file coords_7.cif (mmCIF, C-alpha atoms)
data_model
loop_
_atom_site.label_atom_id
_atom_site.label_comp_id
_atom_site.auth_asym_id
_atom_site.auth_seq_id
_atom_site.Cartn_x
_atom_site.Cartn_y
_atom_site.Cartn_z
CA THR Q 684 117.82 281.85 183.62
CA LEU Q 685 118.37 283.60 180.30
CA GLY Q 686 120.49 286.72 180.62
CA GLU Q 687 121.63 285.98 184.17
CA ASP Q 688 125.31 286.64 183.34
CA SER Q 689 124.40 289.83 181.53
CA LEU Q 690 122.27 290.89 184.48
CA LYS Q 691 125.15 290.35 186.89
CA ALA Q 692 127.59 292.20 184.65
CA GLY Q 693 125.18 295.09 184.26
CA LEU Q 694 124.59 295.24 187.99
CA ALA Q 695 128.33 295.29 188.70
CA ALA Q 696 128.90 298.05 186.16
CA GLY Q 697 125.98 300.03 187.60
CA LEU Q 698 127.29 299.76 191.15
CA LEU Q 699 130.76 300.84 190.04
CA GLY Q 700 129.28 303.85 188.27
CA LEU Q 701 127.21 304.67 191.34
CA ALA Q 702 130.29 304.53 193.55
CA LEU Q 703 132.15 306.94 191.27
CA VAL Q 704 129.21 309.35 191.22
CA CYS Q 705 129.00 309.23 195.02
CA LEU Q 706 132.70 309.96 195.36
CA TYR Q 707 132.42 312.90 192.98
CA MET Q 708 129.40 314.33 194.85
CA ILE Q 709 131.11 314.13 198.23
CA LEU Q 710 134.37 315.68 197.01
CA TYR Q 711 132.79 318.61 195.17
CA TYR Q 712 129.46 319.27 196.95
CA ARG Q 713 130.27 318.16 200.51
CA ALA Q 714 127.08 318.33 202.68
CA LEU Q 715 124.72 318.41 199.70
CA GLY Q 716 126.71 315.61 198.15
CA ILE Q 717 126.30 313.46 201.24
CA VAL Q 718 122.52 313.91 201.11
CA VAL Q 719 122.47 312.96 197.44
CA VAL Q 720 124.69 309.93 198.14
CA LEU Q 721 122.30 308.73 200.84
CA GLY Q 722 119.39 309.01 198.41
CA LEU Q 723 121.29 307.14 195.73
CA SER Q 724 122.21 304.43 198.24
CA VAL Q 725 118.55 303.89 199.13
CA TRP Q 726 117.71 303.70 195.42
CA ALA Q 727 120.51 301.19 194.81
CA ALA Q 728 119.38 299.02 197.74
CA LEU Q 729 115.82 299.01 196.40
CA LEU Q 730 116.99 298.12 192.90
CA TYR Q 731 119.18 295.31 194.23
CA SER Q 732 116.25 293.93 196.24
CA ILE Q 733 114.02 293.88 193.16
CA ILE Q 734 116.67 292.13 191.07
CA SER Q 735 117.33 289.60 193.84
CA TYR Q 736 113.62 288.88 194.16
CA LEU Q 737 113.28 288.28 190.42
CA GLY Q 738 116.28 285.99 190.47
CA VAL Q 739 114.80 283.95 193.30
CA ALA Q 740 111.42 283.78 191.56
CA LEU Q 741 112.99 282.46 188.38
CA SER Q 742 115.09 279.96 190.31
CA LEU Q 743 112.01 278.68 192.13
CA ALA Q 744 110.44 277.92 188.76
CA GLY Q 745 113.20 275.34 188.32
CA VAL Q 746 113.95 276.31 184.72
CA THR Q 747 117.54 275.49 183.81
CA GLY Q 748 117.28 275.02 180.06
CA ILE Q 749 115.01 275.69 177.09
CA VAL Q 750 114.48 273.82 173.82
CA CYS Q 751 113.48 276.35 171.18
CA ILE Q 752 111.36 274.60 168.53
CA GLY Q 753 112.09 275.22 164.87
CA GLU Q 754 108.79 274.22 163.26
CA SER Q 755 109.95 275.60 159.91
CA LEU Q 756 113.35 276.10 158.38
CA ALA Q 757 113.05 279.85 158.84
CA SER Q 758 112.16 279.53 162.52
CA ALA Q 759 114.89 276.91 162.98
CA THR Q 760 117.42 279.45 161.76
CA ARG Q 761 116.12 281.99 164.28
CA ALA Q 762 116.09 279.36 167.03
CA ARG Q 763 119.67 278.43 166.19
CA ALA Q 764 120.78 282.05 166.55
CA ILE Q 765 119.13 282.24 169.98
CA ALA Q 766 120.70 278.95 171.05
CA GLU Q 767 124.17 279.93 169.88
CA ALA Q 768 123.90 283.21 171.78
CA ASN Q 769 122.91 281.32 174.95
CA ARG Q 770 124.96 278.12 174.85
CA GLY Q 771 124.29 275.69 177.65
CA VAL Q 772 120.90 277.26 178.34
CA VAL Q 773 119.03 277.12 175.01
CA TRP Q 774 118.98 274.33 172.43
CA TRP Q 775 117.06 274.14 169.18
CA THR Q 776 115.30 271.75 166.80
CA ALA Q 777 114.65 271.86 163.06
CA GLY Q 778 111.78 270.48 161.04
CA VAL Q 779 108.69 271.17 158.94
CA HIS Q 780 105.31 271.43 160.68
CA PRO Q 781 102.32 269.62 159.15
CA HIS Q 782 100.69 272.99 158.47
CA ASP Q 783 103.52 273.64 155.98
CA ALA Q 784 103.66 270.13 154.50
CA ALA Q 785 102.10 271.25 151.20
CA SER Q 786 105.34 273.04 150.34
CA PHE Q 787 107.63 270.32 151.75
CA ASP Q 788 110.34 269.38 149.25
CA PRO Q 789 112.51 266.47 150.46
CA GLU Q 790 115.36 267.31 148.09
CA ARG Q 791 115.51 270.85 149.49
CA ASP Q 792 114.28 270.51 153.06
CA LEU Q 793 115.90 267.30 154.29
CA PRO Q 794 119.46 268.55 153.60
CA ALA Q 795 118.58 271.83 155.32
CA ILE Q 796 117.31 269.97 158.40
CA ARG Q 797 120.40 267.79 158.33
CA GLU Q 798 122.59 270.89 158.25
CA HIS Q 799 120.91 272.11 161.43
CA VAL Q 800 121.41 268.74 163.11
CA ASP Q 801 125.07 268.68 162.10
CA ALA Q 802 125.39 272.14 163.65
CA GLY Q 803 123.88 270.97 166.94
CA ALA Q 804 120.09 270.81 166.67
CA VAL Q 805 118.95 268.29 169.28
CA ALA Q 806 115.91 266.92 167.45
CA VAL Q 807 114.03 266.78 164.16
CA GLY Q 808 110.72 268.58 164.24
CA GLU Q 809 108.26 269.84 165.03
CA CYS Q 810 106.72 267.48 162.51
CA GLY Q 811 103.61 265.30 162.48
CA LEU Q 812 99.99 265.31 161.37
CA ASP Q 813 97.17 267.79 161.88
CA TYR Q 814 93.81 266.70 160.49
CA HIS Q 815 91.93 269.29 162.55
CA TYR Q 816 92.97 272.34 160.55
CA ASP Q 817 94.08 270.51 157.39
CA HIS Q 818 96.20 273.45 156.26
CA SER Q 819 98.03 270.98 154.04
CA PRO Q 820 96.62 267.95 152.16
CA ARG Q 821 96.74 264.86 154.34
CA ASP Q 822 98.79 262.84 151.88
CA ARG Q 823 101.42 265.59 151.82
CA GLN Q 824 101.42 265.67 155.63
CA ARG Q 825 102.08 261.93 155.76
CA VAL Q 826 104.93 262.22 153.27
CA ALA Q 827 106.58 265.08 155.15
CA PHE Q 828 106.21 263.30 158.49
CA SER Q 829 107.55 259.97 157.24
CA GLU Q 830 110.48 261.60 155.45
CA GLN Q 831 111.51 263.47 158.58
CA VAL Q 832 111.22 260.32 160.70
CA GLY Q 833 113.46 258.57 158.18
CA LEU Q 834 116.01 261.38 158.45
CA ALA Q 835 115.89 261.15 162.24
CA ALA Q 836 116.60 257.42 162.00
CA MET Q 837 119.57 258.10 159.75
CA LEU Q 838 120.98 260.82 162.01
CA GLY Q 839 120.21 259.17 165.34
CA ARG Q 840 118.13 262.09 166.54
CA PRO Q 841 114.74 262.06 168.29
CA VAL Q 842 111.66 263.65 166.77
CA VAL Q 843 109.25 266.20 168.23
CA VAL Q 844 105.75 265.29 167.06
CA HIS Q 845 102.57 267.33 166.73
CA THR Q 846 99.37 265.34 166.24
CA ARG Q 847 95.75 266.41 166.22
CA GLU Q 848 92.76 264.33 165.15
CA ALA Q 849 95.03 262.02 163.19
CA GLU Q 850 95.11 259.04 165.53
CA ASP Q 851 95.38 256.10 163.14
CA ASP Q 852 97.97 257.54 160.78
CA THR Q 853 100.03 258.95 163.66
CA ARG Q 854 99.98 255.59 165.43
CA ALA Q 855 101.15 253.80 162.28
CA ILE Q 856 104.06 256.16 161.67
CA VAL Q 857 105.11 256.27 165.34
CA THR Q 858 105.01 252.46 165.57
CA ASP Q 859 107.13 252.17 162.43
CA ALA Q 860 109.53 254.79 163.81
CA GLY Q 861 109.93 252.73 166.97
CA ARG Q 862 110.87 249.70 164.87
CA GLN Q 863 113.57 251.83 163.21
CA GLY Q 864 114.95 252.76 166.63
CA VAL Q 865 113.71 256.34 166.44
CA ARG Q 866 112.73 257.89 169.75
CA GLY Q 867 110.63 260.98 170.18
CA VAL Q 868 108.24 263.17 172.12
CA MET Q 869 104.49 263.40 171.66
CA HIS Q 870 104.47 267.13 172.23
CA CYS Q 871 101.60 268.98 173.93
CA PHE Q 872 99.69 265.73 173.90
CA THR Q 873 95.88 265.77 173.90
CA GLY Q 874 95.26 262.52 172.02
CA SER Q 875 93.77 259.23 173.12
CA ARG Q 876 95.10 256.80 175.69
CA GLU Q 877 95.48 254.27 172.87
CA LEU Q 878 97.81 256.58 170.96
CA ALA Q 879 99.73 257.35 174.14
CA ARG Q 880 100.21 253.61 174.73
CA ALA Q 881 101.48 253.18 171.16
CA ALA Q 882 104.01 255.95 171.72
CA LEU Q 883 105.11 254.45 175.02
CA ASP Q 884 105.45 251.02 173.39
CA ALA Q 885 107.73 252.65 170.81
CA GLY Q 886 109.93 253.94 173.63
CA TRP Q 887 108.75 257.53 173.33
CA PHE Q 888 107.96 260.27 175.83
CA VAL Q 889 104.57 261.93 176.29
CA SER Q 890 104.54 265.63 177.12
CA PHE Q 891 101.73 267.73 178.58
CA ALA Q 892 101.26 271.50 178.46
CA GLY Q 893 99.10 274.12 180.16
CA ILE Q 894 95.96 272.88 178.43
CA ILE Q 895 95.57 270.29 181.20
CA THR Q 896 94.76 273.16 183.60
CA PHE Q 897 91.79 274.34 181.49
CA LYS Q 898 88.24 273.69 182.69
CA ARG Q 899 87.42 271.64 179.62
CA TRP Q 900 90.20 269.12 180.32
CA SER Q 901 88.57 265.86 181.42
CA ASP Q 902 91.00 262.99 180.81
CA ASP Q 903 92.94 262.64 184.04
CA ASP Q 904 93.24 258.91 183.31
CA LEU Q 905 95.58 259.89 180.48
CA LEU Q 906 97.68 261.94 182.89
CA ARG Q 907 98.00 258.88 185.13
CA LEU Q 908 98.78 256.50 182.27
CA VAL Q 909 102.28 257.78 181.48
CA PRO Q 910 104.99 256.33 183.74
CA ASP Q 911 107.30 258.68 185.61
CA ASP Q 912 110.30 257.96 183.40
CA ARG Q 913 108.39 258.83 180.19
CA LEU Q 914 106.61 261.92 181.46
CA LEU Q 915 107.46 265.44 180.31
CA VAL Q 916 105.92 268.85 180.95
CA GLU Q 917 106.30 271.77 178.55
CA THR Q 918 105.14 275.30 177.86
CA ASP Q 919 104.32 275.27 174.13
CA ALA Q 920 105.13 278.96 174.54
CA PRO Q 921 103.93 281.47 173.62
CA TYR Q 922 100.66 279.52 173.52
CA LEU Q 923 98.55 277.65 176.10
CA ALA Q 924 99.52 279.54 179.24
CA PRO Q 925 98.13 277.61 182.23
CA VAL Q 926 95.34 278.91 184.45
CA PRO Q 927 95.28 281.59 185.90
CA HIS Q 928 97.38 283.07 183.06
CA ARG Q 929 95.28 281.62 180.25
CA GLY Q 930 95.10 283.97 177.29
CA LYS Q 931 98.40 285.63 178.12
CA ARG Q 932 101.80 284.97 176.60
CA ASN Q 933 103.10 281.70 178.01
CA GLU Q 934 106.59 281.43 179.48
CA PRO Q 935 108.78 278.86 181.27
CA ALA Q 936 108.17 280.44 184.70
CA TYR Q 937 104.57 279.15 184.50
CA LEU Q 938 105.61 275.49 184.30
CA PRO Q 939 105.06 274.88 188.06
CA LEU Q 940 101.34 275.50 187.52
CA THR Q 941 101.12 272.72 184.95
CA ILE Q 942 103.24 270.47 187.14
CA ALA Q 943 100.94 271.09 190.11
CA ARG Q 944 97.88 270.09 188.06
CA LEU Q 945 99.65 266.97 186.84
CA ALA Q 946 100.65 266.07 190.39
CA THR Q 947 97.05 266.38 191.59
CA ALA Q 948 95.82 264.05 188.86
CA ARG Q 949 98.54 261.51 189.61
CA GLY Q 950 98.03 261.65 193.37
CA THR Q 951 101.57 262.74 194.09
CA THR Q 952 103.54 265.88 194.85
CA ALA Q 953 104.72 268.57 192.47
CA GLN Q 954 108.28 267.91 193.64
CA ARG Q 955 107.99 264.27 192.62
CA VAL Q 956 106.68 265.18 189.18
CA ALA Q 957 109.42 267.81 188.73
CA GLU Q 958 112.09 265.25 189.56
#

call {"tool": "encode", "arguments": {"input": "coords_7.cif", "output": "structure tokens"}}
result
Amino acid sequence: TLGEDSLKAGLAAGLLGLALVCLYMILYYRALGIVVVLGLSVWAALLYSIISYLGVALSLAGVTGIVCIGESLASATRARAIAEANRGVVWWTAGVHPHDAASFDPERDLPAIREHVDAGAVAVGECGLDYHYDHSPRDRQRVAFSEQVGLAAMLGRPVVVHTREAEDDTRAIVTDAGRQGVRGVMHCFTGSRELARAALDAGWFVSFAGIITFKRWSDDDLLRLVPDDRLLVETDAPYLAPVPHRGKRNEPAYLPLTIARLATARGTTAQRVAE
């Protein structure tokens, strides 16, 4: 859990300070001091219980690491700072999202992404195609996506892919990426079974988020299609919090809710899916 070491250090310092205050109260105020010490002891016990409960709750969520997505070079820089401050717990990626493809400049952006990868970024992306919003011209989206896949092939890194209503072009680029030996993740996947099969044939993973818990979700056959060894579950935080937290800020502690829904669709247990 993020901040666990800091929490422990803060708790230790707080208990030491409390002990010194108690000693001072007893030495200088005697009977009154003892009463105050008893009150402080009850307060400390309550605080410790709350902290212990939160620690157990986070542990039960099974979250041991976080990949912080850099969907732009600016956000990749912020994600890198978070990862470097929490080594072994947080990792980061670097890429250019299809929404920003209109301003993608391969001579400027590819070296910047490569610099992140050389520094430790675990994947290229989030990149891909989004023909639903069309915030960038589709031809520019295809160029940015293909260029980043090519960089991933050169660097031996996987790609994190966003796709929405761009089935044919996504399938073509993913299939070509597979031929180049590039592996990746179809992130927060809501596409067709045909596209999922193409990704699986390319050796990729398919990842599902909290959207599969929404009432409008209807494609449980897709949830059953992905084999165990290619199946991922994600938050897409801060978006797409699973039911009953829909509309709130998403967070890793909610992952068990998505896992439970996935397990129901696949006719298995949440523990099996989590493994």

call {"tool": "closest_residue", "arguments": {"input": "coords_7.cif", "among": "Q:Gly886, Q:Pro781, Q:Gly722, Q:Pro841", "to": "Q:Tyr814", "atoms": "only C-alpha atoms"}}
result
Q:Pro781

call {"tool": "residues_around", "arguments": {"input": "coords_7.cif", "residues": "Q:Pro910", "least_positions_apart": "5", "cutoff": "12 Å", "atoms": "all atoms listed in the file", "output": "JSON, numbers by chain"}}
result
{"Q": [879, 880, 883, 884, 886, 887, 888, 889, 890, 905, 915, 949, 956]}

call {"tool": "resolve_selection", "arguments": {"input": "coords_7.cif", "expression": "the PyMOL selection byres ((chain Q and resi 839) around 12)", "output": "list in words"}}
result
Arg797, Val800, Asp801, Ala804, Val805, Ala806, Val807, Gln831, Val832, Gly833, Leu834, Ala835, Ala836, Met837, Leu838, Arg840, Pro841, Val842, Ala860, Gln863, Gly864, Val865, Arg866 and Gly867 of chain Q

call {"tool": "atom_distance", "arguments": {"input": "coords_7.cif", "atom1": "atom CA of Q:Thr747", "atom2": "atom CA of Q:Ile894"}}
result
22.4 Å

call {"tool": "resolve_selection", "arguments": {"input": "coords_7.cif", "expression": "the PyMOL selection byres ((chain Q and resi 929) around 12)", "output": "list in words"}}
result
Ala892, Gly893, Ile894, Ile895, Thr896, Phe897, Lys898, Thr918, Ala920, Pro921, Tyr922, Leu923, Ala924, Pro925, Val926, Pro927, His928, Gly930, Lys931, Arg932, Asn933, Glu934, Tyr937, Leu940 and Thr941 of chain Q

call {"tool": "resolve_selection", "arguments": {"input": "coords_7.cif", "expression": "the PyMOL selection byres ((chain Q and resi 793) around 10)", "output": "list in words"}}
result
Ala777, Gly778, Val779, Phe787, Asp788, Pro789, Glu790, Arg791, Asp792, Pro794, Ala795, Ile796, Arg797, Glu798, His799, Ala827, Glu830, Gln831, Gly833 and Leu834 of chain Q

call {"tool": "atom_distance", "arguments": {"input": "coords_7.cif", "atom1": "atom CA of Q:Ile856", "atom2": "atom CA of Q:Ala885"}}
result
10.5 Å

call {"tool": "atom_distance", "arguments": {"input": "coords_7.cif", "atom1": "atom CA of Q:Glu850", "atom2": "atom CA of Q:Val868"}}
result
15.3 Å

call {"tool": "residues_around", "arguments": {"input": "coords_7.cif", "residues": "Q:Asp903", "least_positions_apart": "6", "cutoff": "12 Å", "atoms": "all atoms listed in the file", "output": "JSON, numbers by chain"}}
result
{"Q": [873, 875, 876, 891, 895, 896, 909, 944, 945, 946, 947, 948, 949, 950]}

call {"tool": "closest_atom_pairs", "arguments": {"input": "coords_7.cif", "of": "stretch 837-858 of chain Q", "to": "stretch 748-753 of chain Q", "cutoff": "12 Å", "atoms": "all atoms listed in the file", "output": "CSV"}}
result
residue,atom,partner,partner_atom,distance
Q:Val842,CA,Q:Ile752,CA,11.1
Q:Val843,CA,Q:Ile752,CA,8.7
Q:Val844,CA,Q:Ile752,CA,11.0
Q:His845,CA,Q:Ile752,CA,11.5

call {"tool": "closest_residue", "arguments": {"input": "coords_7.cif", "among": "Q:Asp817, Q:Ile942, Q:Ala881, Q:Glu809", "to": "Q:Arg955", "atoms": "all atoms listed in the file"}}
result
Q:Ile942

call {"tool": "closest_residue", "arguments": {"input": "coords_7.cif", "among": "Q:Leu756, Q:Arg825, Q:Ser724, Q:Gly745", "to": "Q:Ala953", "atoms": "only C-alpha atoms"}}
result
Q:Gly745

call {"tool": "closest_residue", "arguments": {"input": "coords_7.cif", "among": "Q:Asp902, Q:Glu917, Q:Glu877, Q:Glu848", "to": "Q:Leu938", "atoms": "all atoms listed in the file"}}
result
Q:Glu917

call {"tool": "build_atoms", "arguments": {"input": "coords_7.cif", "residues": "stretch 774-790 of chain Q", "atoms": "N, CA and C atoms", "output": "PDB file, in the coordinates of the input"}}
result
ATOM      1  N   TRP Q 774     118.698 275.234 173.545  1.00  0.00           N
ATOM      2  CA  TRP Q 774     118.980 274.330 172.430  1.00  0.00           C
ATOM      3  C   TRP Q 774     117.881 274.485 171.401  1.00  0.00           C
ATOM      4  N   TRP Q 775     118.087 273.943 170.207  1.00  0.00           N
ATOM      5  CA  TRP Q 775     117.060 274.140 169.180  1.00  0.00           C
ATOM      6  C   TRP Q 775     116.800 272.852 168.397  1.00  0.00           C
ATOM      7  N   THR Q 776     115.673 272.860 167.685  1.00  0.00           N
ATOM      8  CA  THR Q 776     115.300 271.750 166.800  1.00  0.00           C
ATOM      9  C   THR Q 776     115.062 272.316 165.404  1.00  0.00           C
ATOM     10  N   ALA Q 777     114.915 271.420 164.441  1.00  0.00           N
ATOM     11  CA  ALA Q 777     114.650 271.860 163.060  1.00  0.00           C
ATOM     12  C   ALA Q 777     113.739 270.853 162.379  1.00  0.00           C
ATOM     13  N   GLY Q 778     112.688 271.358 161.756  1.00  0.00           N
ATOM     14  CA  GLY Q 778     111.780 270.480 161.040  1.00  0.00           C
ATOM     15  C   GLY Q 778     110.749 271.270 160.270  1.00  0.00           C
ATOM     16  N   VAL Q 779     109.783 270.552 159.709  1.00  0.00           N
ATOM     17  CA  VAL Q 779     108.690 271.170 158.940  1.00  0.00           C
ATOM     18  C   VAL Q 779     107.369 270.716 159.558  1.00  0.00           C
ATOM     19  N   HIS Q 780     106.596 271.668 160.027  1.00  0.00           N
ATOM     20  CA  HIS Q 780     105.310 271.430 160.680  1.00  0.00           C
ATOM     21  C   HIS Q 780     104.293 270.917 159.661  1.00  0.00           C
ATOM     22  N   PRO Q 781     103.331 270.097 160.105  1.00  0.00           N
ATOM     23  CA  PRO Q 781     102.320 269.620 159.150  1.00  0.00           C
ATOM     24  C   PRO Q 781     101.524 270.728 158.471  1.00  0.00           C
ATOM     25  N   HIS Q 782     101.388 271.876 159.119  1.00  0.00           N
ATOM     26  CA  HIS Q 782     100.690 272.990 158.470  1.00  0.00           C
ATOM     27  C   HIS Q 782     101.399 273.413 157.180  1.00  0.00           C
ATOM     28  N   ASP Q 783     102.727 273.194 157.135  1.00  0.00           N
ATOM     29  CA  ASP Q 783     103.520 273.640 155.980  1.00  0.00           C
ATOM     30  C   ASP Q 783     103.895 272.488 155.052  1.00  0.00           C
ATOM     31  N   ALA Q 784     103.270 271.327 155.261  1.00  0.00           N
ATOM     32  CA  ALA Q 784     103.660 270.130 154.500  1.00  0.00           C
ATOM     33  C   ALA Q 784     103.381 270.258 153.014  1.00  0.00           C
ATOM     34  N   ALA Q 785     102.428 271.102 152.626  1.00  0.00           N
ATOM     35  CA  ALA Q 785     102.100 271.250 151.200  1.00  0.00           C
ATOM     36  C   ALA Q 785     103.301 271.725 150.403  1.00  0.00           C
ATOM     37  N   SER Q 786     104.166 272.516 151.042  1.00  0.00           N
ATOM     38  CA  SER Q 786     105.340 273.040 150.340  1.00  0.00           C
ATOM     39  C   SER Q 786     106.607 272.249 150.663  1.00  0.00           C
ATOM     40  N   PHE Q 787     106.461 271.126 151.377  1.00  0.00           N
ATOM     41  CA  PHE Q 787     107.630 270.320 151.750  1.00  0.00           C
ATOM     42  C   PHE Q 787     108.269 269.720 150.493  1.00  0.00           C
ATOM     43  N   ASP Q 788     109.566 269.925 150.370  1.00  0.00           N
ATOM     44  CA  ASP Q 788     110.340 269.380 149.250  1.00  0.00           C
ATOM     45  C   ASP Q 788     111.501 268.592 149.849  1.00  0.00           C
ATOM     46  N   PRO Q 789     111.455 267.267 149.805  1.00  0.00           N
ATOM     47  CA  PRO Q 789     112.510 266.470 150.460  1.00  0.00           C
ATOM     48  C   PRO Q 789     113.904 266.749 149.937  1.00  0.00           C
ATOM     49  N   GLU Q 790     114.023 267.048 148.641  1.00  0.00           N
ATOM     50  CA  GLU Q 790     115.360 267.310 148.090  1.00  0.00           C
ATOM     51  C   GLU Q 790     115.927 268.621 148.601  1.00  0.00           C
TER      52      GLU Q 790
END
